[in-house]
Every structure is written in structure tokens, then in C-alpha cells.
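A short write-up of the structure that comes next.
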Amino acid sequence: MPGFDDVPGLLEVKEGHGETTAVVETTRLPEAGFYLRDELGFNFLSDLTVTDYLGWGEKGVAGYWGHPSGRDLNHPGSWGLSRVPDPKPKRFSVSYHLLAIRRGAPRLRVQAWVDDGEPVPSVVEVWPTADWHEREQYDLMGIVFDGHPNLVRIIMDDDWEGHPLRKDYPIGGEPVRFSGEE
Amino acid sequence: MAVASRRTSAIDPAVLRAPEIYPGSHIPDPIPTILLVEPRLRESEDILQVNFGPNHPSTHGVLRLVVDLNGETVVGLRAIIGYLHTGFEKNMEQKTWWKAITYPERIDYVAFQNNELVFVLAIEQLLDMEIPPKAAWMRTLLCELNRIHSHLIWLATSALELGAIALFWYGFRERERILDLFELVGGTRMHTRYFQTGGLAEDIPPGFFPECRAFTERMPSSIDEYETLLTRNEIWLQRTVGIGKLSAQDAVAMGQSGPVLRASGVDWDLRRDEPYLTYGDIDFDVPVYTGGDVYHRYRVHMDEMRQSVRIVDQCLDRLEGMEGEPWITDDRRVVLPPRDELHTSMESLIHHFKIVTEGYRVPEGEIYATVESPRGELGCYVVSDGGPKPWRVKFRTPSFVALEATATCMTDALVADFIAIVGSLDTVMGEADR
């Protein structure tokens with residue numbers, strides 16, 4: 001798709017599985033957002049997702065795998081299984097899934113990378129729908145969105161400790177509020 | 001109101017059917033999802049703060065709305081969600097791809113087939129997998145039946161809340177017939193888990209086609225019946241026309257999709273504009289209305305049910321000629337060996353065991369799959385590290401986004417219109433909270 005070269009703060013444009021991903025500098029996200037919305041017509045923010053890559057690729061992968069004819073003994077771990085996934089630049093990725101509401105329905109993923117504790121500038125001014133999306137990701141992932149007008153928890157209780165969707169948050173590890181022993 | 005704020009942007013005229021701005025719709029400032037009481041009002045008038053919900057029958061789940069009332073007028077509003085949060089996304093990271101398919105259905109328990117579909121589509125896109133035509137047509141058919149099911153529940157409950165109790169019985173009567181069809185296909189009435197990676201879990205059972213045909217023959221007259229009761233009913237019109245207005249620009253800026261967006265005059269439907277499954281080969285219309293109010297959302301729902309019946313009929317025409325064709329791909333990387341092979345082939349038995357216990361592996365990558373669920377754009381963002389479990393699953397759920405718009409379309413509404421507006425946004429709280 002033409003026109004991505006001029007996106008402010010653009011670092012890289014990737015293609016994969018029929019999707020385009022534009023990696024931008026975290027600090028210039030709102031600027032890039034205004035450009036994408038007003039110049040390229042991406043006026044619809046579908047989704048905003050933070051992904052935690054803590055421990056990415058640390059788990060070894062092994063084993064045989066099957067083929068239409070059965071198990072292939074000559075190529076253990078064929079089909080890219082023993083391959084360690086590509087390392088990620090930082091711990092968290094913030095992905096904005098954009099859609100242009102016009103014929104052809106072009107979609108674009110804008111991605112920025114941050115480490116724990118690094119703030120991400122809010123895009124509420126660009127796409128007001130980002131309000132709850134950013135609150136949700138702050139709540140579940142602990143990413144702080146700078147400039148958000150009302151950054152409080154939305155899904156969990158206001159006094160909840162921790163951010164449940166982080167990889168270091170244990171499953172089933174929530175504290176029990178009332179137990180018989182107290 | 002004439003000047004578009006910095007927060008909204010122009011919409012391509014090719015998809016726009018309505019004036020972009022109506023009086024009475026604007027995104028609150030500075031917080032787009034909270035309507036704050038003006039300081040002038042707070043000082044001079046008696047503002048009454050009322051908690052609507054979380055346990056209230058017309059919240060379609062457990063939604064809490066904190067409303068500031070000046071007399072009967074809504075002057076402040078804050079939506080509070082999260083009461084139904086069950087951690088689906090976290091749980092799915094702990095399950096193999098195969099087992100995680102059961103989760104999305106329970107996120108939106110009214111539009112379960114569509115939720116299941118979006119996750120299965122995401123896996124298939126990561127695997128670069130083609131599914132047999134029979135499976136694609138059957139999935140389309142079931143998703144459309146599910147759309148009728150979801151719209152019927154919406155119609156039945158929303159009309160009930162506005163006093164039209166007859167609609168509740170009529171709506172649930174037809175809904176039962178759809179659930180019977182699901183039971184015939186998948187064995188359970190809801191949450192059938194009938195979509196499998198690569199196709200369908202089982203072949204279409206004998207007797208399904210005549211039953212389904214009987215349903216599609218009956219359904220248009222049932223919709224006529226509902227419309228006779230409501231479309232020109234004076235009470236219904238007074239309760240819905242001009243209520244809860246949302247302009248096209250605001251709807252796009254607030255990320256609205258589905259019937260809400262189409263009732264605001266944006267001609268947008270992912271089934272037509274970004275076809276998946278077999279929607280590209282199907283002849284159907286996208287209903288668009290321009291009022292942006294509760295009444296036009298109702299009209300969009302009714303017209304969509306008619307279109308869905310048309311789609312189901314076309315799917316049946318195709319499927320009836322596909323007797324004996326495969327319903328699932330024979331790519332043994334992800335598909336279980338057929339049952340009869342297990343009795344004769346040791347390799348197949350091991351292979352079966354490995355897929356069930358270990359799960360299959362999905363290549364490294366990320367994907368954002370979308371479908372047009374009955375409520376709007378349902379998206380599923382999946383990240384895989386090449387292992388047997390998803391690394392990250394995130395659902396973009398239309399109900400969550402629709403609830404963001406409550407403050408936008410309730411400015412200056414009356415407290416009596418409140419329930420009509422919340423109902424018209426067609427939210428399912430399980431989906432909003434996940």
C-alpha cells in the first residue's frame with residue numbers, strides 16, 4: 001500500500017499472513033495516528049492490544065510430527081517445530097488494529113514496543129474509542145497510557161493488585177478475600 | 001454542532017447514506033465515555049444520582065450505569081462494567097489450540113457460532129489452511145441461523161423492556177426452532193463446538209436439510225408478524241423514534257459497528273466488504289437506515305433477519321448437492337485420523353493420541369481475524385510462538401465498544417428512554433467483560 005513512507009516515526013513495514021504491520025516509534029504514536037486517520041483514511045480503530053512477550057522462546061520445542069501419510073520418521077521436528085521464535089525488541093508490544101471505512105476495507109496494524117514501566121502516549125484524541133481499550137489494557141497488562149483522561153481500572157476491582165494478563169501473573173493465584181481460617 | 005471536532009474525521013462519501021451530524025449527538029469532552037455534569041448545573045440544580053444496575057433485568061447481564069438526573073433528564077452518565085469478567089483470554093493461553101475453541105463460544109453466549117468461527121478462522125489463517133467447500137457453506141449457514149437467533153433474543157428482550165410482552169413469547173418461539181436445529185447438528189442446543197480447525201467436527205446429519213428448509217419457509221411470515229406488532233405501532237414509535245441519536249461521524253469515531261453503525265447511515269458490513277467463508281458467492285443486501293436512533297436500529301435488525309433467511313436458503317441450495325463430500329480437510333497435521341483407522345493402524349492411533357494430548361502446533365505469527373457477528377465487528381487477535389498453545393488471544397468485542405457509546409447517545413435523554421437506548425445497542429455483558 002502506498003503512502004506509508006511518510007508516516008511520522010515509521011521504523012519498519014512488515015507483511016505477514018496477508019496483513020500489513022507498521023512499526024512506529026512509541027513517542028510519536030499520536031502524530032502517526034493523526035496522519036493515518038486524516039491523510040490515509042484509517043478512521044476506525046478496531047482494536048488495541050498489548051501483548052506480553054516475557055519468556056518468549058524460552059520453552060524448548062521438540063517432538064515428531066505427522067504428515068498426511070502418518071508420522072515422518074526422517075524429519076523429526078520438521079515443519080519448523082524446533083525453531084526458536086524470533087526474538088522481540090522489547091517486552092510488550094502495543095498493537096493498534098486500524099480499518100479504513102471505504103470500499104476495499106484496507107486494514108493496518110500499527111505496532112509499538114515498550115518495556116515494563118515505559119509509558120505509551122494515548123491516542124484518545126485521535127480515535128475516541130481508544131478510551132476503554134486503553135483502560136482495559138492498563139488494567140490487565142499494566143501499561144500506562146500517557147495523556148489518557150481517565151486511566152483507571154475497568155474490568156477488575158479498583159483495589160485489585162497486579163495485572164492479570166501479564167505472563168508473570170499466576171493462573172489461579174488470586175488472593176481469597178474471606179477464608180474460614182481468619 | 002456544525003464543526004467536526006478534532007476527534008472525528010470525515011467519512012468516505014461512497015459508504016455514507018446520512019448527514020454526518022445530527023443535533024443531539026456529540027462525543028463528551030474531555031472523557032469520551034463519561035458524561036460529566038456541567039459545573040453550572042451541579043451548583044444550581046438538584047442533581048440526583050441513581051445507580052442503574054448492576055442487577056437490573058434490562059441491562060442484559062450485569063451492567064452498572066451511574067446516572068445523574070436533573071428532574072427526568074440525564075445530565076451525567078458513567079458506565080461501569082467488569083462484573084462478568086471471567087478471564088477467558090488468560091485461560092485460553094493455558095489450553096491447547098484445540099481445547100481453546102470451546103472458550104470463545106462462551107464469551108458471547110448469544111452469538112456463539114460467530115465467536116467460535118472467528119477464533120477458528122484465526123487459527124486457519126496462521127496455518128494457511130483451506131477448508132473444503134462443504135464446511136465453508138455449512139459454517140455460513142450456521143452463522144446466519146445464529147444471527148437470526150441473536151436478533152430474535154435482542155428483539156424479544158428489548159421489546160419486553162418497552163412493554164411489548166407479546167414479542168417475548170413470539171421471539172422465543174422461533175428461537176426454540178433454531179436451537180432445535182443446532183441440537184440436530186451439534187448435539188447441544190447452545191455452544192455446539194461444531195466448527196473444528198480445518199472444517200466441521202462431524203458430517204451434517206441426515207434430516208437437517210428438510211428441517212432447516214421448513215424453518216426458512218416459516219420464518220419470513222414470523223418476521224411479518226413481529227413487524228405487524230411493532231413497526232407502525234404508535235406506542236413503539238413514540239418510545240423509539242428520535243431517541244438515542246448517534247451520528248455517522250460519532251459512530252465511526254467511537255468504533256461502533258454492526259447494526260448500530262448501519263442505523264446511523266454508514267453502509268458497512270464486513271460480510272460484503274471483506275468477505276470471508278462463502279459470503280462472496282451469496283446474493284444479499286445490506287440494510288442501511290439513516291435515522292441513527294433506536295427505531296432505525298430496530299429496523300436494521302428486522303431487515304437483517306430477512307436477509308439472513310435468504311442467505312440460509314442459498315446455503316441450503318448449495319449444500320443439498322454436496323452429499324458425500326468431505327466436511328473437514330485431510331491435513332493430518334491438525335485433523336484427527338478417522339475413527340475407523342484407529343482399529344487397524346497403530347500409527348493412526350499414536351497420531352490421534354498425540355493430537356489430543358499434546359495438541360497441534362501453529363506456526364509462529366500474529367493475526368487479526370474479523371467476522372461480522374450479529375453485534376458488529378468481532379475481531380480476534382492471536383499470537384503464536386509456534387507451540388501447541390496460543391501465546392496471546394484478544395477479542396475485540398462489539399458489546400464492549402457499544403457500551404462506550406452510551407454517554408454519546410444519552411446526552412439529554414429522558415430517564416424513560418434510557419432502557420430503550422441501552423437495549424438498542426444490543427450488548428451482551430459476557431462479551432463486554434470477557
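Every chain in the C-alpha cells has a letter given in the order shown (A, B, ...), and although residue numbers restart at 1 in each chain, ligands are simply numbered from 1 in the order shown.
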For this session: Give me the residues within 12 Å of A:Thr49 as a ChimeraX atom specification, counting only C-alpha atoms and dropping any in the same chain fewer than 2 places off.
Result: /A:45-47,51-52,92-98,109-113,130,132-141,143,165 /B:89,366-368,379-383,392-396
Exercise. Quick one: residues within 8 Å of stretch 398-411 of chain B, only C-alpha atoms counted, chain neighbours fewer than 2 positions away excluded, as a VMD selection string?
Worked result: (chain A and resid 129 132) or (chain B and resid 24 to 28 32 to 35 74 to 79 244 to 246 251 254 to 257 375 to 378 396 413 418 421 to 422 425 to 429 431 to 433)
Written selection (C-alpha atoms) as a PDB file, in the first residue's frame:
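Contents of part.pdb, as written:
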```pdb
ATOM      1  CA  THR A 129     -12.939   4.754  21.078  1.00  0.00           C
ATOM      2  CA  TRP A 132     -11.901   1.983  27.080  1.00  0.00           C
TER       3      TRP A 132
ATOM      4  CA  GLY B  24     -28.172  15.919  19.975  1.00  0.00           C
ATOM      5  CA  SER B  25     -25.237  13.649  19.287  1.00  0.00           C
ATOM      6  CA  HIS B  26     -21.792  14.581  20.365  1.00  0.00           C
ATOM      7  CA  ILE B  27     -18.888  12.835  21.979  1.00  0.00           C
ATOM      8  CA  PRO B  28     -18.387  14.108  25.525  1.00  0.00           C
ATOM      9  CA  PRO B  32     -15.250  10.423  25.549  1.00  0.00           C
ATOM     10  CA  THR B  33     -17.081   7.747  27.506  1.00  0.00           C
ATOM     11  CA  ILE B  34     -18.276   9.668  30.549  1.00  0.00           C
ATOM     12  CA  LEU B  35     -20.874  12.362  30.533  1.00  0.00           C
ATOM     13  CA  VAL B  74     -29.978  12.576  32.079  1.00  0.00           C
ATOM     14  CA  VAL B  75     -27.186  15.091  32.610  1.00  0.00           C
ATOM     15  CA  GLY B  76     -24.378  12.759  33.649  1.00  0.00           C
ATOM     16  CA  LEU B  77     -23.530   9.155  32.952  1.00  0.00           C
ATOM     17  CA  ARG B  78     -20.822   6.670  33.741  1.00  0.00           C
ATOM     18  CA  ALA B  79     -20.913   3.050  32.620  1.00  0.00           C
ATOM     19  CA  GLY B 244     -30.659   7.797  21.382  1.00  0.00           C
ATOM     20  CA  LYS B 245     -29.314   9.521  18.313  1.00  0.00           C
ATOM     21  CA  LEU B 246     -25.831   8.736  17.141  1.00  0.00           C
ATOM     22  CA  ALA B 251     -20.381   6.286  15.450  1.00  0.00           C
ATOM     23  CA  MET B 254     -16.485   5.700  18.783  1.00  0.00           C
ATOM     24  CA  GLY B 255     -15.728   2.469  16.929  1.00  0.00           C
ATOM     25  CA  GLN B 256     -19.343   1.365  16.569  1.00  0.00           C
ATOM     26  CA  SER B 257     -20.063  -1.423  14.137  1.00  0.00           C
ATOM     27  CA  ARG B 375     -23.458  -7.248  17.069  1.00  0.00           C
ATOM     28  CA  GLY B 376     -20.834  -5.909  14.706  1.00  0.00           C
ATOM     29  CA  GLU B 377     -17.164  -6.323  14.030  1.00  0.00           C
ATOM     30  CA  LEU B 378     -15.874  -9.188  16.104  1.00  0.00           C
ATOM     31  CA  ARG B 396     -12.332  -7.226  20.043  1.00  0.00           C
ATOM     32  CA  ALA B 413     -32.197  11.697  27.112  1.00  0.00           C
ATOM     33  CA  PHE B 418     -32.653   5.104  28.995  1.00  0.00           C
ATOM     34  CA  ILE B 421     -31.207   3.155  24.357  1.00  0.00           C
ATOM     35  CA  VAL B 422     -29.237   0.579  26.322  1.00  0.00           C
ATOM     36  CA  LEU B 425     -27.097  -1.002  21.486  1.00  0.00           C
ATOM     37  CA  ASP B 426     -27.569  -4.780  21.673  1.00  0.00           C
ATOM     38  CA  THR B 427     -24.930  -5.625  24.218  1.00  0.00           C
ATOM     39  CA  VAL B 428     -24.153  -8.923  25.856  1.00  0.00           C
ATOM     40  CA  MET B 429     -22.271  -8.391  29.064  1.00  0.00           C
ATOM     41  CA  GLU B 431     -18.811 -10.354  25.765  1.00  0.00           C
ATOM     42  CA  ALA B 432     -18.108  -6.893  27.126  1.00  0.00           C
ATOM     43  CA  ASP B 433     -16.308  -8.194  30.212  1.00  0.00           C
TER      44      ASP B 433
END
```
Just list as a short mmCIF file (atom, residue, chain, number, x, y, z; two decimals) with N, CA and C atoms, in the first residue's frame whatever in stretch 24-168 of chain A DSSP marks as helix (DSSP H, G or I).
```cif
data_model
loop_
_atom_site.label_atom_id
_atom_site.label_comp_id
_atom_site.auth_asym_id
_atom_site.auth_seq_id
_atom_site.Cartn_x
_atom_site.Cartn_y
_atom_site.Cartn_z
N THR A 26 7.39 4.70 19.61
CA THR A 26 6.35 4.81 20.63
C THR A 26 5.99 6.28 20.90
N THR A 27 6.99 7.13 20.98
CA THR A 27 6.72 8.51 21.39
C THR A 27 5.95 9.27 20.31
N ARG A 28 5.99 8.78 19.07
CA ARG A 28 5.32 9.55 18.01
C ARG A 28 4.00 8.91 17.59
N LEU A 29 3.44 8.06 18.46
CA LEU A 29 2.19 7.37 18.11
C LEU A 29 1.02 8.30 17.77
N PRO A 30 0.72 9.31 18.62
CA PRO A 30 -0.43 10.15 18.27
C PRO A 30 -0.24 10.88 16.95
N GLU A 31 1.01 11.33 16.71
CA GLU A 31 1.31 12.02 15.47
C GLU A 31 1.05 11.08 14.28
N ALA A 32 1.55 9.84 14.41
CA ALA A 32 1.32 8.85 13.36
C ALA A 32 -0.17 8.57 13.21
N GLY A 33 -0.88 8.55 14.34
CA GLY A 33 -2.32 8.29 14.31
C GLY A 33 -3.07 9.35 13.53
N PHE A 34 -2.75 10.63 13.80
CA PHE A 34 -3.42 11.71 13.07
C PHE A 34 -3.12 11.61 11.59
N TYR A 35 -1.87 11.29 11.25
CA TYR A 35 -1.51 11.18 9.84
C TYR A 35 -2.30 10.05 9.18
N LEU A 36 -2.33 8.89 9.85
CA LEU A 36 -3.03 7.74 9.27
C LEU A 36 -4.53 8.01 9.15
N ARG A 37 -5.08 8.71 10.12
CA ARG A 37 -6.51 8.95 10.10
C ARG A 37 -6.89 9.99 9.04
N ASP A 38 -6.17 11.10 9.02
CA ASP A 38 -6.60 12.20 8.17
C ASP A 38 -6.05 12.10 6.75
N ALA A 130 -10.58 4.68 21.69
CA ALA A 130 -9.43 4.11 22.39
C ALA A 130 -9.55 4.24 23.90
N ASP A 131 -10.46 5.08 24.37
CA ASP A 131 -10.60 5.31 25.81
C ASP A 131 -10.69 3.99 26.59
N TRP A 132 -11.72 3.22 26.31
CA TRP A 132 -11.90 1.98 27.08
C TRP A 132 -10.85 0.94 26.74
N HIS A 133 -10.43 0.91 25.48
CA HIS A 133 -9.40 -0.06 25.10
C HIS A 133 -8.13 0.19 25.92
N GLU A 134 -7.76 1.45 26.06
CA GLU A 134 -6.54 1.76 26.80
C GLU A 134 -6.73 1.47 28.29
N ARG A 135 -7.92 1.76 28.79
CA ARG A 135 -8.18 1.44 30.19
C ARG A 135 -8.09 -0.07 30.42
N GLU A 136 -8.64 -0.83 29.49
CA GLU A 136 -8.62 -2.29 29.64
C GLU A 136 -7.19 -2.81 29.63
N GLN A 137 -6.38 -2.31 28.70
CA GLN A 137 -5.02 -2.80 28.62
C GLN A 137 -4.19 -2.34 29.81
N TYR A 138 -4.49 -1.13 30.32
CA TYR A 138 -3.82 -0.69 31.53
C TYR A 138 -4.19 -1.62 32.69
N ASP A 139 -5.45 -1.96 32.75
CA ASP A 139 -5.96 -2.79 33.83
C ASP A 139 -5.34 -4.19 33.78
N LEU A 140 -5.37 -4.80 32.62
CA LEU A 140 -4.97 -6.21 32.53
C LEU A 140 -3.47 -6.38 32.28
N MET A 141 -2.82 -5.39 31.70
CA MET A 141 -1.41 -5.53 31.33
C MET A 141 -0.50 -4.56 32.07
#
```
For this session: Give me the residues within 12 Å of B:Asn55 as a ChimeraX atom specification, counting only C-alpha atoms and dropping any in the same chain fewer than 5 places off.
Result: /B:60-65,81,83-84,429
Once you have the residues from the selection above, write them out as a short mmCIF file (atom, residue, chain, number, x, y, z; two decimals), in the first residue's frame, restricted to N, CA and C atoms.
```cif
data_model
loop_
_atom_site.label_atom_id
_atom_site.label_comp_id
_atom_site.auth_asym_id
_atom_site.auth_seq_id
_atom_site.Cartn_x
_atom_site.Cartn_y
_atom_site.Cartn_z
N HIS B 60 -29.28 -6.66 30.39
CA HIS B 60 -28.79 -7.77 29.57
C HIS B 60 -27.53 -8.39 30.15
N GLY B 61 -27.53 -8.60 31.43
CA GLY B 61 -26.33 -9.10 32.09
C GLY B 61 -26.15 -8.26 33.33
N VAL B 62 -24.91 -7.99 33.70
CA VAL B 62 -24.70 -7.13 34.86
C VAL B 62 -23.90 -5.90 34.46
N LEU B 63 -24.62 -4.90 34.12
CA LEU B 63 -24.05 -3.60 33.75
C LEU B 63 -24.50 -2.59 34.78
N ARG B 64 -23.58 -1.73 35.21
CA ARG B 64 -23.97 -0.69 36.15
C ARG B 64 -23.80 0.65 35.48
N LEU B 65 -24.85 1.44 35.51
CA LEU B 65 -24.78 2.79 34.97
C LEU B 65 -25.08 3.76 36.10
N ILE B 81 -18.38 -1.53 34.00
CA ILE B 81 -18.50 -2.93 33.57
C ILE B 81 -17.48 -3.77 34.34
N TYR B 83 -18.33 -6.87 35.79
CA TYR B 83 -18.94 -7.80 36.74
C TYR B 83 -18.94 -9.24 36.23
N LEU B 84 -18.84 -9.40 34.93
CA LEU B 84 -18.86 -10.77 34.39
C LEU B 84 -17.48 -11.20 33.89
N MET B 429 -23.31 -8.77 28.12
CA MET B 429 -22.27 -8.39 29.06
C MET B 429 -21.14 -9.41 29.16
#
```
Exercise. Near stretch 302-314 of chain B, within 6 Å and counting only C-alpha atoms, which residues show up once chain neighbours fewer than 6 positions away are dropped, as a list in words?
Worked result: Leu141, Glu144, Ile148 and Thr216 of chain B
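If you measure from each of B:Ile178, B:Cys143, B:Ile31, B:Ala164 to B:Arg218 using only C-alpha atoms, the closest one turns out to be B:Ile178.
With atom CA of B:Ala420 on one side and atom CA of B:Leu160 on the other, the separation reads 10.3 Å.
Those residues that approach A:Pro85 to within 7 Å, counting only C-alpha atoms, are Gly57 of chain A; Glu364 and Asp385 of chain B; same-chain residues fewer than 4 positions away are not listed.
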Can I get the selected residues back with C-alpha atoms, as a PDB file, in the first residue's frame?
```pdb
ATOM      1  CA  GLY A  57      11.014 -18.533  23.039  1.00  0.00           C
TER       2      GLY A  57
ATOM      3  CA  GLU B 364       4.782 -18.515  14.782  1.00  0.00           C
ATOM      4  CA  ASP B 385       5.059 -18.744  19.281  1.00  0.00           C
TER       5      ASP B 385
END
```
Seminar exercise, completed: Between atom CA of B:Gly423 and atom CA of B:Pro57 lies a distance of 10.8 Å
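The gap separating atom CA of B:His352 from atom CA of B:Leu336 is 5.7 Å, in Å to one decimal.
The shell of residues at most 6 Å from stretch 118-125 of chain A, with only C-alpha atoms counted and near chain neighbours (fewer than 6 positions) removed, consists of Pro30, Asp131, Val144, Phe145, Asp146, Gly147 and His148 of chain A; Arg7 of chain B.
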Exercise. So, counting only C-alpha atoms, which residue among B:Ile419, B:Val335, B:Met92, B:Leu167 is closest to B:Val294?
Worked result: B:Ile419
For this session: From a DSSP pass on the backbone, collect the residues of stretch 23-230 of chain B flagged as strand (DSSP E) and hand them back as a PyMOL selection string.
Result: chain B and resi 47-52+64-70+73-80+195-196+199-200
